[in-house]
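*Asks:* Next up is a structure, given as structure tokens.
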Amino acid sequence: MDKKQVPISFTINGKKMTRQVNPSLLLIHLIRDELKLKGTKPGCMEGECGACTVIVDGRAVNSCLYLAVNIDGKQVNTIEGLSTVERPLHPVQHKILEHGAVQCGFCTPGFVLSIKAIGDECVEQGIVPSRKEIAKELEGHLCRCTGYVKILDAAEDYLAHPILQNSSDHG
Amino acid sequence: MNFNTESPATREELLQCLRRHQSADFRLAAGGTDLLIELKKSGPEDLTLINLGRLEDEEFTGITIHPAEIRIGALVTAARIHKDPYIHEHFPVLHQAARSLASAQIREVATIGGNVCQASPSGDLSCALAALNATCEIIDMDGKIRHETLSGFFRGPGKTSLLKSEVLKGISIPVNQDETLMSGFIKIGKRLAMECSIVSIGYHFQMNATGTVIQAGIAIGAVAPTVVFCTRAAAFVTGKKVNDLTEEEQLQVAGLIRQAASPIDDLRASAWYRSEVLFNSARSIFEKA
């Protein structure tokens with residue numbers, strides 16, 4: 001049975017948008033299948049792996065457990081939104097590369113967005129998180145390649161100076 | 001998944017929505033982090049989701065501090081609870097439980113009302129709230145309010161006293177009578193993150209200047225059909241100096257806590273294991289660092 005479509009207005013990667021969506025549509029399906037932004041990865045689809053992480057109003061959330069209708073009026077950032085023509089890679093991504101924290105890369109967009117969100121929140125509160133705190137905040141991400149050490153190294157390095165490196169491009 | 005959603009923006013719209021759907025099949029969704037997984041696996045056709053994610057009502061979404069109680073709206077997220085400075089200082093058990101729930105991404109979306117209404121025997125926030133003697137504030141479709149203690153609210157795994165015509169509006173916790181606290185949340189799972197508790201214990205002891213316990217709350221999770229408030233253990237501790245309990249008294253408290261449990265074997269752990277871990281975790285409350 002076809003359900004009544006719901007109109008939603010939101011901003012994605014700085015771009016304002018209005019769409020009609022199916023009421024049971026998940027945010028990940030809106031992003032990947034309708035907006036064709038394939039950097040957001042479907043992993044476990046039940047909130048365990050964090051590959052589908054996106055930023056909604058500054059907070060990292062699992063797009064596989066989030067209804068698309070609930071982004072109405074909100075700002076969404078995906079991994080695609082971190083690059084600009086002048087700056088193809090965000091400082092978090094530079095740190096990930098520098099520390100060799102990528103192998104297959106499937107989990108990377110999720111990690112990058114969570115680290116960016118942590119950085120923005122830490123700048124807001126004027127704190128530098130410890131390695132243990134960073135690991136706690138990244139607990140909702142699984143990586144089956146790296147063993148996490150290099151990812152934590154990259155995150156720790158970035159989060160030591162997020163003020164200098166941070167430029168909240170699309171909010 | 002193929003359901004309809006209704007997304008009320010105000011309390012009046014929510015109550016209207018409830019009235020309209022009384023004869024239909026509907027579910028209430030707060031953060032939806034647990035419910036959506038359930039619906040992906042087995043969502044009935046023709047279900048309507050009353051989506052509270054767009055409700056803008058301070059009484060549902062705010063934390064307010066009153067002279068006798070702190071009130072947490074049902075739609076307050078676990079992340080907000082764990083970051084709240086008042087809760088951190090005065091109710092460490094709730095602060096720790098909120099921080100131990102699932103993962104950072106889920107904590108940003110999952111709500112206290114959802115955690116309580118899913119009535120999982122292993123609900124982390126539910127266990128902490130039971131230790132704090134919290135009360136549920138429930139509104140029905142005609143706008144009438146009733147209050148019920150958490151222990152009365154929980155009726156079984158996934159079962160609460162909430163009627164089809166009602167919504168949980170908020171949770172109230174009595175303010176501390178004394179601010180010398182021994183308060184914490186112990187969670188035992190197979191790993192530290194993203195884990196459903198095998199055993200959890202929430203405890204909150206308020207002491208006077210001499211260190212005598214004047215108010216005690218102990219609740220346990222994942223070891224019975226609901227979160228259980230350990231009345232006898234709490235009564236045993238009350239009136240005693242909790243830092244000076246003899247080893248024998250500590251064993252007695254742990255024994256009373258174990259007696260309040262009725263664990264079962266399931267895929268996470270055996271009943272025997274749960275009972276042993278519960279006893280030893282209960283003892284660890286009194287261990288000094």
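Residue numbering restarts at 1 in every chain; chains get A, B, ... in the order shown in the structure tokens, and ligands count up from 1 in that same order.
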Can you build me a table of chain B residues sitting at most 7 Å from chain A, with the closest atom pair per residue and its distance in Å to one decimal, using only C-alpha atoms, sorted by chain and residue number, as JSON lines?
*Replies:*
{"residue": "B:Met1", "atom": "CA", "partner": "A:Ser24", "partner_atom": "CA", "distance": 6.4}
{"residue": "B:Asn2", "atom": "CA", "partner": "A:Ser24", "partner_atom": "CA", "distance": 5.6}
{"residue": "B:Phe3", "atom": "CA", "partner": "A:Ser24", "partner_atom": "CA", "distance": 5.5}
{"residue": "B:Asn4", "atom": "CA", "partner": "A:Pro23", "partner_atom": "CA", "distance": 5.5}
{"residue": "B:Thr5", "atom": "CA", "partner": "A:Pro23", "partner_atom": "CA", "distance": 5.4}
{"residue": "B:Gly32", "atom": "CA", "partner": "A:Leu65", "partner_atom": "CA", "distance": 6.9}
{"residue": "B:Thr33", "atom": "CA", "partner": "A:Leu65", "partner_atom": "CA", "distance": 5.4}
{"residue": "B:Leu36", "atom": "CA", "partner": "A:Leu65", "partner_atom": "CA", "distance": 6.3}
{"residue": "B:Ile37", "atom": "CA", "partner": "A:Glu46", "partner_atom": "CA", "distance": 6.1}
{"residue": "B:Gly53", "atom": "CA", "partner": "A:Asn70", "partner_atom": "CA", "distance": 6.1}
{"residue": "B:Arg54", "atom": "CA", "partner": "A:Asn70", "partner_atom": "CA", "distance": 6.5}
{"residue": "B:Ser103", "atom": "CA", "partner": "A:Gly140", "partner_atom": "CA", "distance": 4.6}
{"residue": "B:Ala104", "atom": "CA", "partner": "A:Glu137", "partner_atom": "CA", "distance": 5.6}
{"residue": "B:Gln105", "atom": "CA", "partner": "A:Val61", "partner_atom": "CA", "distance": 4.3}
{"residue": "B:Ile106", "atom": "CA", "partner": "A:Val61", "partner_atom": "CA", "distance": 6.5}
{"residue": "B:Glu108", "atom": "CA", "partner": "A:Val61", "partner_atom": "CA", "distance": 6.6}
{"residue": "B:Ala193", "atom": "CA", "partner": "A:Glu139", "partner_atom": "CA", "distance": 5.7}
{"residue": "B:Met194", "atom": "CA", "partner": "A:Glu48", "partner_atom": "CA", "distance": 6.7}
*Asks:* With N, CA, C and O atoms retained, could you export that selection as a PDB file, in the first residue's frame?
*Replies:*
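Okay, result_37.pdb is ready:
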ATOM      1  N   MET B   1      10.097  -2.030   5.895  1.00  0.00           N
ATOM      2  CA  MET B   1       9.324  -1.070   6.689  1.00  0.00           C
ATOM      3  C   MET B   1       8.438  -0.254   5.763  1.00  0.00           C
ATOM      4  O   MET B   1       8.913   0.294   4.782  1.00  0.00           O
ATOM      5  N   ASN B   2       7.198  -0.199   6.093  1.00  0.00           N
ATOM      6  CA  ASN B   2       6.287   0.595   5.282  1.00  0.00           C
ATOM      7  C   ASN B   2       5.146   1.061   6.174  1.00  0.00           C
ATOM      8  O   ASN B   2       4.093   0.451   6.242  1.00  0.00           O
ATOM      9  N   PHE B   3       5.403   2.101   6.920  1.00  0.00           N
ATOM     10  CA  PHE B   3       4.373   2.598   7.832  1.00  0.00           C
ATOM     11  C   PHE B   3       4.066   4.057   7.533  1.00  0.00           C
ATOM     12  O   PHE B   3       4.815   4.720   6.818  1.00  0.00           O
ATOM     13  N   ASN B   4       2.943   4.498   8.073  1.00  0.00           N
ATOM     14  CA  ASN B   4       2.614   5.913   7.987  1.00  0.00           C
ATOM     15  C   ASN B   4       3.189   6.609   9.198  1.00  0.00           C
ATOM     16  O   ASN B   4       3.307   5.999  10.254  1.00  0.00           O
ATOM     17  N   THR B   5       3.532   7.881   9.058  1.00  0.00           N
ATOM     18  CA  THR B   5       3.927   8.612  10.258  1.00  0.00           C
ATOM     19  C   THR B   5       3.010   9.801  10.449  1.00  0.00           C
ATOM     20  O   THR B   5       2.531  10.407   9.485  1.00  0.00           O
ATOM     21  N   GLY B  32      13.567   6.497  18.517  1.00  0.00           N
ATOM     22  CA  GLY B  32      13.365   5.453  17.518  1.00  0.00           C
ATOM     23  C   GLY B  32      14.545   4.508  17.336  1.00  0.00           C
ATOM     24  O   GLY B  32      14.497   3.599  16.516  1.00  0.00           O
ATOM     25  N   THR B  33      15.620   4.694  18.116  1.00  0.00           N
ATOM     26  CA  THR B  33      16.827   3.888  17.881  1.00  0.00           C
ATOM     27  C   THR B  33      16.596   2.406  18.180  1.00  0.00           C
ATOM     28  O   THR B  33      17.250   1.553  17.598  1.00  0.00           O
ATOM     29  N   LEU B  36      13.005   1.312  15.641  1.00  0.00           N
ATOM     30  CA  LEU B  36      13.203   1.120  14.197  1.00  0.00           C
ATOM     31  C   LEU B  36      13.846  -0.236  13.900  1.00  0.00           C
ATOM     32  O   LEU B  36      13.521  -0.881  12.902  1.00  0.00           O
ATOM     33  N   ILE B  37      14.730  -0.687  14.788  1.00  0.00           N
ATOM     34  CA  ILE B  37      15.333  -2.014  14.596  1.00  0.00           C
ATOM     35  C   ILE B  37      14.245  -3.079  14.689  1.00  0.00           C
ATOM     36  O   ILE B  37      14.175  -3.997  13.875  1.00  0.00           O
ATOM     37  N   GLY B  53       9.462  12.898  17.298  1.00  0.00           N
ATOM     38  CA  GLY B  53      10.731  13.555  16.971  1.00  0.00           C
ATOM     39  C   GLY B  53      10.603  15.008  16.567  1.00  0.00           C
ATOM     40  O   GLY B  53      11.592  15.728  16.528  1.00  0.00           O
ATOM     41  N   ARG B  54       9.402  15.448  16.250  1.00  0.00           N
ATOM     42  CA  ARG B  54       9.234  16.849  15.837  1.00  0.00           C
ATOM     43  C   ARG B  54       8.361  17.633  16.814  1.00  0.00           C
ATOM     44  O   ARG B  54       7.960  18.759  16.529  1.00  0.00           O
ATOM     45  N   SER B 103      26.046   3.795  22.183  1.00  0.00           N
ATOM     46  CA  SER B 103      27.212   4.490  21.625  1.00  0.00           C
ATOM     47  C   SER B 103      26.905   5.976  21.540  1.00  0.00           C
ATOM     48  O   SER B 103      25.762   6.387  21.700  1.00  0.00           O
ATOM     49  N   ALA B 104      27.948   6.766  21.254  1.00  0.00           N
ATOM     50  CA  ALA B 104      27.772   8.220  21.195  1.00  0.00           C
ATOM     51  C   ALA B 104      26.671   8.608  20.208  1.00  0.00           C
ATOM     52  O   ALA B 104      25.831   9.460  20.507  1.00  0.00           O
ATOM     53  N   GLN B 105      26.654   7.971  19.025  1.00  0.00           N
ATOM     54  CA  GLN B 105      25.656   8.358  18.021  1.00  0.00           C
ATOM     55  C   GLN B 105      24.244   8.022  18.492  1.00  0.00           C
ATOM     56  O   GLN B 105      23.296   8.760  18.205  1.00  0.00           O
ATOM     57  N   ILE B 106      24.103   6.903  19.172  1.00  0.00           N
ATOM     58  CA  ILE B 106      22.767   6.519  19.656  1.00  0.00           C
ATOM     59  C   ILE B 106      22.352   7.397  20.828  1.00  0.00           C
ATOM     60  O   ILE B 106      21.202   7.810  20.930  1.00  0.00           O
ATOM     61  N   GLU B 108      22.880  10.422  21.229  1.00  0.00           N
ATOM     62  CA  GLU B 108      22.407  11.727  20.755  1.00  0.00           C
ATOM     63  C   GLU B 108      20.935  11.682  20.331  1.00  0.00           C
ATOM     64  O   GLU B 108      20.297  12.717  20.169  1.00  0.00           O
ATOM     65  N   ALA B 193      31.349  -1.186  24.919  1.00  0.00           N
ATOM     66  CA  ALA B 193      30.483  -0.348  24.088  1.00  0.00           C
ATOM     67  C   ALA B 193      29.355  -1.166  23.479  1.00  0.00           C
ATOM     68  O   ALA B 193      29.476  -2.380  23.320  1.00  0.00           O
ATOM     69  N   MET B 194      28.300  -0.509  23.124  1.00  0.00           N
ATOM     70  CA  MET B 194      27.217  -1.107  22.346  1.00  0.00           C
ATOM     71  C   MET B 194      26.771  -2.448  22.909  1.00  0.00           C
ATOM     72  O   MET B 194      26.581  -3.400  22.180  1.00  0.00           O
TER      73      MET B 194
END
*Asks:* Find the residues around Ala222 of chain B up to 6 Å (only C-alpha atoms counted), leave out those fewer than 4 positions away in its own chain, and share them as a ChimeraX atom specification.
*Replies:* /B:121-122,198-199
*Asks:* Just the selected residues (C-alpha atoms), exported as a PDB file, in the first residue's frame, please.
*Replies:*
ATOM      1  CA  PRO B 121      14.774  -5.526  31.951  1.00  0.00           C
ATOM      2  CA  SER B 122      18.278  -4.378  30.991  1.00  0.00           C
ATOM      3  CA  ILE B 198      24.268  -8.918  31.444  1.00  0.00           C
ATOM      4  CA  VAL B 199      23.957  -7.451  34.906  1.00  0.00           C
TER       5      VAL B 199
END
*Asks:* When you look at segment 10-15 of chain A with a cut-off of 8 Å (counting only C-alpha atoms), what residues show up, excluding the ones that are within fewer than 4 positions of it in the same chain? I need them as a list of chain:residue names.
*Replies:*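 In the requested form, the answer reads A:Ile71, A:Asp72, A:Gly73, A:Lys74, A:Gln75, A:Val76, A:Asn77, A:Thr78, A:Glu80, A:Gly81, A:Leu82, A:His170, A:Gly171.
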*Asks:* Using only C-alpha atoms, which residues sit within 8 Å of Ser165 of chain B once same-chain residues fewer than 5 positions away are excluded, as a list in words?
*Replies:*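 The neighbour list is Leu18, Arg19, Gln22, Asp140 and Met141 of chain B.
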*Asks:* For the selection just defined, write its residues with C-alpha atoms to a file, as a short mmCIF file (atom, residue, chain, number, x, y, z; two decimals), in the first residue's frame.
*Replies:*
data_model
loop_
_atom_site.label_atom_id
_atom_site.label_comp_id
_atom_site.auth_asym_id
_atom_site.auth_seq_id
_atom_site.Cartn_x
_atom_site.Cartn_y
_atom_site.Cartn_z
CA LEU B 18 -3.90 9.81 20.03
CA ARG B 19 -7.67 10.29 20.05
CA GLN B 22 -7.51 4.70 19.34
CA ASP B 140 -3.79 10.81 28.54
CA MET B 141 -5.51 11.80 25.31
#
*Asks:* Mind checking which residues fall within 9 Å of segment 69-86 of chain B, counting only C-alpha atoms, ignoring those fewer than 2 positions away in the same chain, and posting them as number ranges by chain?
*Replies:* B: 30-31, 52-53, 55, 58-67, 88-91, 94-99, 101, 104-114, 116, 125, 137, 168-176
*Asks:* Could you pull out the helix (DSSP H, G or I) residues of chain A, going by DSSP on the backbone, and write them as a tab-separated table (two decimals) with N, CA, C and O atoms, in the first residue's frame?
*Replies:*
chain	number	residue	atom	x	y	z
A	27	LEU	N	16.92	7.96	6.92
A	27	LEU	CA	17.82	9.02	6.46
A	27	LEU	C	18.90	8.46	5.52
A	27	LEU	O	19.23	9.07	4.50
A	28	ILE	N	19.43	7.29	5.84
A	28	ILE	CA	20.49	6.73	4.98
A	28	ILE	C	19.98	6.49	3.56
A	28	ILE	O	20.71	6.70	2.59
A	29	HIS	N	18.73	6.07	3.42
A	29	HIS	CA	18.19	5.82	2.08
A	29	HIS	C	17.92	7.13	1.33
A	29	HIS	O	18.09	7.20	0.12
A	30	LEU	N	17.50	8.14	2.08
A	30	LEU	CA	17.33	9.45	1.45
A	30	LEU	C	18.69	9.92	0.91
A	30	LEU	O	18.80	10.35	-0.25
A	31	ILE	N	19.71	9.81	1.73
A	31	ILE	CA	21.04	10.31	1.34
A	31	ILE	C	21.62	9.51	0.18
A	31	ILE	O	22.09	10.07	-0.81
A	32	ARG	N	21.58	8.19	0.29
A	32	ARG	CA	22.25	7.37	-0.73
A	32	ARG	C	21.41	7.19	-2.00
A	32	ARG	O	21.91	7.35	-3.10
A	33	ASP	N	20.12	6.83	-1.80
A	33	ASP	CA	19.33	6.41	-2.95
A	33	ASP	C	18.64	7.57	-3.65
A	33	ASP	O	18.45	7.56	-4.86
A	34	GLU	N	18.24	8.59	-2.87
A	34	GLU	CA	17.53	9.71	-3.52
A	34	GLU	C	18.47	10.86	-3.84
A	34	GLU	O	18.37	11.47	-4.87
A	63	SER	N	22.63	7.26	10.55
A	63	SER	CA	21.56	7.56	9.60
A	63	SER	C	20.67	6.34	9.34
A	63	SER	O	19.59	6.47	8.78
A	64	CYS	N	21.11	5.15	9.77
A	64	CYS	CA	20.28	3.95	9.57
A	64	CYS	C	19.20	3.82	10.63
A	64	CYS	O	18.32	2.98	10.53
A	65	LEU	N	19.28	4.63	11.69
A	65	LEU	CA	18.28	4.57	12.76
A	65	LEU	C	17.59	5.92	12.92
A	65	LEU	O	17.19	6.29	14.00
A	68	ALA	N	13.93	9.91	7.97
A	68	ALA	CA	14.18	11.06	7.09
A	68	ALA	C	13.24	12.22	7.45
A	68	ALA	O	13.65	13.38	7.40
A	69	VAL	N	12.00	11.92	7.84
A	69	VAL	CA	11.07	13.02	8.14
A	69	VAL	C	11.56	13.89	9.30
A	69	VAL	O	11.18	15.05	9.41
A	70	ASN	N	12.43	13.32	10.14
A	70	ASN	CA	12.90	14.08	11.30
A	70	ASN	C	14.05	15.04	11.00
A	70	ASN	O	14.52	15.73	11.91
A	71	ILE	N	14.51	15.12	9.76
A	71	ILE	CA	15.52	16.14	9.46
A	71	ILE	C	14.87	17.45	9.01
A	71	ILE	O	15.56	18.41	8.68
A	79	ILE	N	29.88	13.15	4.39
A	79	ILE	CA	31.32	13.23	4.10
A	79	ILE	C	31.59	14.11	2.86
A	79	ILE	O	32.59	14.81	2.81
A	80	GLU	N	30.64	14.10	1.93
A	80	GLU	CA	30.83	14.92	0.71
A	80	GLU	C	30.89	16.40	1.05
A	80	GLU	O	31.54	17.19	0.35
A	81	GLY	N	30.22	16.78	2.14
A	81	GLY	CA	30.15	18.20	2.51
A	81	GLY	C	31.43	18.73	3.12
A	81	GLY	O	31.57	19.93	3.34
A	82	LEU	N	32.38	17.84	3.41
A	82	LEU	CA	33.62	18.31	4.02
A	82	LEU	C	34.60	18.88	3.00
A	82	LEU	O	35.53	19.60	3.35
A	91	PRO	N	40.78	18.92	7.48
A	91	PRO	CA	41.92	18.60	8.36
A	91	PRO	C	41.81	17.22	9.03
A	91	PRO	O	42.84	16.56	9.23
A	92	VAL	N	40.61	16.78	9.38
A	92	VAL	CA	40.47	15.44	9.97
A	92	VAL	C	40.96	14.40	8.96
A	92	VAL	O	41.69	13.47	9.30
A	93	GLN	N	40.58	14.59	7.69
A	93	GLN	CA	40.98	13.64	6.66
A	93	GLN	C	42.50	13.66	6.44
A	93	GLN	O	43.11	12.61	6.23
A	94	HIS	N	43.08	14.86	6.53
A	94	HIS	CA	44.54	14.94	6.42
A	94	HIS	C	45.22	14.14	7.52
A	94	HIS	O	46.19	13.41	7.28
A	95	LYS	N	44.69	14.26	8.72
A	95	LYS	CA	45.28	13.53	9.85
A	95	LYS	C	45.12	12.02	9.66
A	95	LYS	O	46.02	11.25	9.99
A	96	ILE	N	43.97	11.61	9.14
A	96	ILE	CA	43.74	10.18	8.89
A	96	ILE	C	44.78	9.66	7.89
A	96	ILE	O	45.37	8.60	8.08
A	97	LEU	N	45.06	10.45	6.85
A	97	LEU	CA	46.05	10.05	5.85
A	97	LEU	C	47.46	10.01	6.44
A	97	LEU	O	48.21	9.05	6.29
A	98	GLU	N	47.77	11.10	7.17
A	98	GLU	CA	49.09	11.25	7.78
A	98	GLU	C	49.44	10.06	8.67
A	98	GLU	O	50.58	9.60	8.70
A	108	THR	N	35.72	4.65	7.16
A	108	THR	CA	36.39	5.95	7.30
A	108	THR	C	35.45	7.17	7.30
A	108	THR	O	35.58	8.04	8.17
A	109	PRO	N	34.48	7.26	6.37
A	109	PRO	CA	33.62	8.45	6.40
A	109	PRO	C	32.92	8.63	7.76
A	109	PRO	O	32.83	9.76	8.27
A	110	GLY	N	32.48	7.53	8.33
A	110	GLY	CA	31.82	7.60	9.64
A	110	GLY	C	32.76	8.10	10.71
A	110	GLY	O	32.42	9.01	11.48
A	111	PHE	N	33.96	7.53	10.76
A	111	PHE	CA	34.95	7.97	11.76
A	111	PHE	C	35.25	9.46	11.58
A	111	PHE	O	35.29	10.22	12.54
A	112	VAL	N	35.49	9.87	10.32
A	112	VAL	CA	35.86	11.26	10.06
A	112	VAL	C	34.78	12.21	10.57
A	112	VAL	O	35.06	13.21	11.25
A	113	LEU	N	33.52	11.88	10.29
A	113	LEU	CA	32.43	12.77	10.71
A	113	LEU	C	32.30	12.80	12.23
A	113	LEU	O	32.07	13.86	12.82
A	114	SER	N	32.45	11.65	12.89
A	114	SER	CA	32.38	11.65	14.36
A	114	SER	C	33.51	12.48	14.95
A	114	SER	O	33.31	13.26	15.87
A	115	ILE	N	34.73	12.31	14.40
A	115	ILE	CA	35.87	13.08	14.93
A	115	ILE	C	35.65	14.57	14.72
A	115	ILE	O	35.92	15.39	15.61
A	116	LYS	N	35.11	14.94	13.56
A	116	LYS	CA	34.82	16.37	13.32
A	116	LYS	C	33.80	16.88	14.34
A	116	LYS	O	33.98	17.95	14.93
A	117	ALA	N	32.73	16.09	14.58
A	117	ALA	CA	31.69	16.52	15.52
A	117	ALA	C	32.26	16.64	16.93
A	117	ALA	O	31.95	17.59	17.66
A	118	ILE	N	33.11	15.69	17.33
A	118	ILE	CA	33.74	15.76	18.65
A	118	ILE	C	34.58	17.03	18.74
A	118	ILE	O	34.53	17.77	19.72
A	119	GLY	N	35.35	17.31	17.67
A	119	GLY	CA	36.21	18.49	17.64
A	119	GLY	C	35.41	19.77	17.80
A	119	GLY	O	35.76	20.64	18.60
A	120	ASP	N	34.30	19.87	17.08
A	120	ASP	CA	33.48	21.08	17.15
A	120	ASP	C	32.93	21.26	18.57
A	120	ASP	O	32.88	22.38	19.08
A	121	GLU	N	32.51	20.15	19.19
A	121	GLU	CA	31.96	20.25	20.54
A	121	GLU	C	33.05	20.62	21.55
A	121	GLU	O	32.82	21.42	22.46
A	122	CYS	N	34.25	20.06	21.35
A	122	CYS	CA	35.35	20.37	22.27
A	122	CYS	C	35.78	21.83	22.15
A	122	CYS	O	36.09	22.47	23.16
A	123	VAL	N	35.77	22.36	20.93
A	123	VAL	CA	36.12	23.77	20.74
A	123	VAL	C	35.11	24.65	21.47
A	123	VAL	O	35.46	25.59	22.19
A	124	GLU	N	33.84	24.29	21.31
A	124	GLU	CA	32.75	25.01	21.97
A	124	GLU	C	32.97	25.06	23.49
A	124	GLU	O	32.74	26.08	24.13
A	125	GLN	N	33.41	23.93	24.04
A	125	GLN	CA	33.59	23.86	25.50
A	125	GLN	C	35.00	24.18	25.94
A	125	GLN	O	35.29	24.17	27.14
A	131	ARG	N	42.96	10.57	25.33
A	131	ARG	CA	42.85	9.44	24.40
A	131	ARG	C	41.74	8.49	24.83
A	131	ARG	O	40.99	7.97	24.00
A	132	LYS	N	41.61	8.32	26.15
A	132	LYS	CA	40.58	7.43	26.67
A	132	LYS	C	39.17	7.98	26.37
A	132	LYS	O	38.27	7.25	25.98
A	133	GLU	N	39.06	9.29	26.54
A	133	GLU	CA	37.76	9.92	26.25
A	133	GLU	C	37.43	9.84	24.75
A	133	GLU	O	36.28	9.63	24.37
A	134	ILE	N	38.46	9.99	23.92
A	134	ILE	CA	38.23	9.89	22.48
A	134	ILE	C	37.76	8.49	22.12
A	134	ILE	O	36.80	8.30	21.38
A	135	ALA	N	38.43	7.48	22.71
A	135	ALA	CA	38.04	6.10	22.44
A	135	ALA	C	36.59	5.86	22.87
A	135	ALA	O	35.82	5.20	22.17
A	136	LYS	N	36.22	6.43	24.02
A	136	LYS	CA	34.84	6.29	24.50
A	136	LYS	C	33.86	6.91	23.49
A	136	LYS	O	32.83	6.33	23.17
A	137	GLU	N	34.21	8.10	22.99
A	137	GLU	CA	33.31	8.79	22.06
A	137	GLU	C	33.23	8.09	20.70
A	137	GLU	O	32.27	8.25	19.98
A	149	VAL	N	44.37	1.54	16.43
A	149	VAL	CA	45.45	2.34	17.00
A	149	VAL	C	45.72	3.59	16.15
A	149	VAL	O	45.78	4.70	16.67
A	150	LYS	N	45.82	3.39	14.84
A	150	LYS	CA	46.14	4.54	13.98
A	150	LYS	C	44.98	5.52	13.87
A	150	LYS	O	45.19	6.73	13.73
A	151	ILE	N	43.77	5.00	13.96
A	151	ILE	CA	42.60	5.90	13.93
A	151	ILE	C	42.62	6.78	15.18
A	151	ILE	O	42.41	8.00	15.11
A	152	LEU	N	42.90	6.14	16.32
A	152	LEU	CA	42.99	6.93	17.57
A	152	LEU	C	44.14	7.92	17.52
A	152	LEU	O	44.00	9.05	18.00
A	153	ASP	N	45.26	7.50	16.94
A	153	ASP	CA	46.40	8.43	16.80
A	153	ASP	C	45.97	9.66	16.00
A	153	ASP	O	46.25	10.80	16.39
A	154	ALA	N	45.29	9.42	14.88
A	154	ALA	CA	44.85	10.52	14.02
A	154	ALA	C	43.86	11.42	14.76
A	154	ALA	O	43.96	12.65	14.71
A	155	ALA	N	42.91	10.80	15.46
A	155	ALA	CA	41.90	11.57	16.17
A	155	ALA	C	42.54	12.40	17.27
A	155	ALA	O	42.24	13.60	17.43
A	156	GLU	N	43.46	11.79	18.00
A	156	GLU	CA	44.13	12.48	19.10
A	156	GLU	C	44.92	13.67	18.56
A	156	GLU	O	44.88	14.77	19.14
A	157	ASP	N	45.61	13.45	17.46
A	157	ASP	CA	46.41	14.50	16.83
A	157	ASP	C	45.49	15.66	16.41
A	157	ASP	O	45.74	16.83	16.74
A	158	TYR	N	44.40	15.35	15.73
A	158	TYR	CA	43.48	16.40	15.28
A	158	TYR	C	42.87	17.13	16.47
A	158	TYR	O	42.80	18.36	16.50
A	159	LEU	N	42.42	16.35	17.47
A	159	LEU	CA	41.67	16.96	18.58
A	159	LEU	C	42.57	17.76	19.54
A	159	LEU	O	42.07	18.52	20.36
A	160	ALA	N	43.90	17.59	19.39
A	160	ALA	CA	44.80	18.40	20.20
A	160	ALA	C	44.76	19.86	19.76
A	160	ALA	O	44.97	20.77	20.57
A	162	PRO	N	42.07	21.33	17.42
A	162	PRO	CA	40.98	21.52	16.45
A	162	PRO	C	40.67	22.98	16.17
A	162	PRO	O	40.16	23.31	15.12
A	163	ILE	N	41.05	23.89	17.10
A	163	ILE	CA	40.74	25.31	16.89
A	163	ILE	C	41.47	25.81	15.66
A	163	ILE	O	40.89	26.45	14.79
A	164	LEU	N	42.77	25.50	15.59
A	164	LEU	CA	43.57	25.97	14.46
A	164	LEU	C	43.09	25.37	13.15
A	164	LEU	O	43.10	26.02	12.13
A	165	GLN	N	42.66	24.11	13.24
A	165	GLN	CA	42.34	23.43	12.00
A	165	GLN	C	40.87	23.55	11.63
A	165	GLN	O	40.48	23.26	10.53
*Asks:* Using only C-alpha atoms, determine which residues lie at most 12 Å from Phe236 of chain B, disregarding the query and same-chain residues fewer than 2 positions distant; provide the list as a ChimeraX atom specification.
*Replies:* /B:205,213-218,230-234,238-242,245,249-257
*Asks:* Using atom CA of Cys44 of chain A and atom CA of Ser197 of chain B as the two end points, give the distance in Å to one decimal.
*Replies:* 20.4 Å
*Asks:* Might you pull out every residue within 9 Å of Ala130 of chain B, with only C-alpha atoms counted and same-chain residues fewer than 5 positions away left off, and present them as a short mmCIF file (atom, residue, chain, number, x, y, z; two decimals) with N, CA and C atoms, in the first residue's frame?
*Replies:*
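Output file selection_35.cif follows:
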data_model
loop_
_atom_site.label_atom_id
_atom_site.label_comp_id
_atom_site.auth_asym_id
_atom_site.auth_seq_id
_atom_site.Cartn_x
_atom_site.Cartn_y
_atom_site.Cartn_z
N LEU B 125 19.07 3.38 31.67
CA LEU B 125 18.50 4.56 32.32
C LEU B 125 17.41 4.13 33.30
N THR B 135 9.61 8.99 39.48
CA THR B 135 8.18 8.86 39.24
C THR B 135 7.87 9.23 37.79
N THR B 149 4.90 5.49 40.27
CA THR B 149 6.30 5.19 40.54
C THR B 149 6.81 4.26 39.44
N LEU B 150 8.12 4.28 39.23
CA LEU B 150 8.70 3.43 38.19
C LEU B 150 8.43 1.96 38.47
N SER B 151 8.50 1.57 39.75
CA SER B 151 8.31 0.14 40.04
C SER B 151 6.89 -0.29 39.71
N GLY B 202 22.34 -0.08 39.88
CA GLY B 202 22.37 1.35 40.14
C GLY B 202 22.23 1.54 41.64
N GLY B 217 18.88 3.98 47.68
CA GLY B 217 18.18 3.36 46.56
C GLY B 217 19.12 2.40 45.85
N ILE B 218 18.65 1.18 45.63
CA ILE B 218 19.46 0.19 44.89
C ILE B 218 18.52 -0.49 43.89
N ALA B 219 18.93 -0.53 42.63
CA ALA B 219 18.12 -1.22 41.63
C ALA B 219 19.02 -2.09 40.77
N ILE B 220 18.47 -3.19 40.28
CA ILE B 220 19.27 -4.10 39.46
C ILE B 220 18.57 -4.35 38.13
N VAL B 227 13.30 -4.28 35.64
CA VAL B 227 14.27 -3.69 36.57
C VAL B 227 13.67 -3.86 37.97
N VAL B 228 14.51 -4.24 38.93
CA VAL B 228 13.99 -4.51 40.28
C VAL B 228 14.59 -3.53 41.28
N PHE B 229 13.73 -2.96 42.11
CA PHE B 229 14.19 -2.12 43.20
C PHE B 229 14.46 -3.02 44.39
#
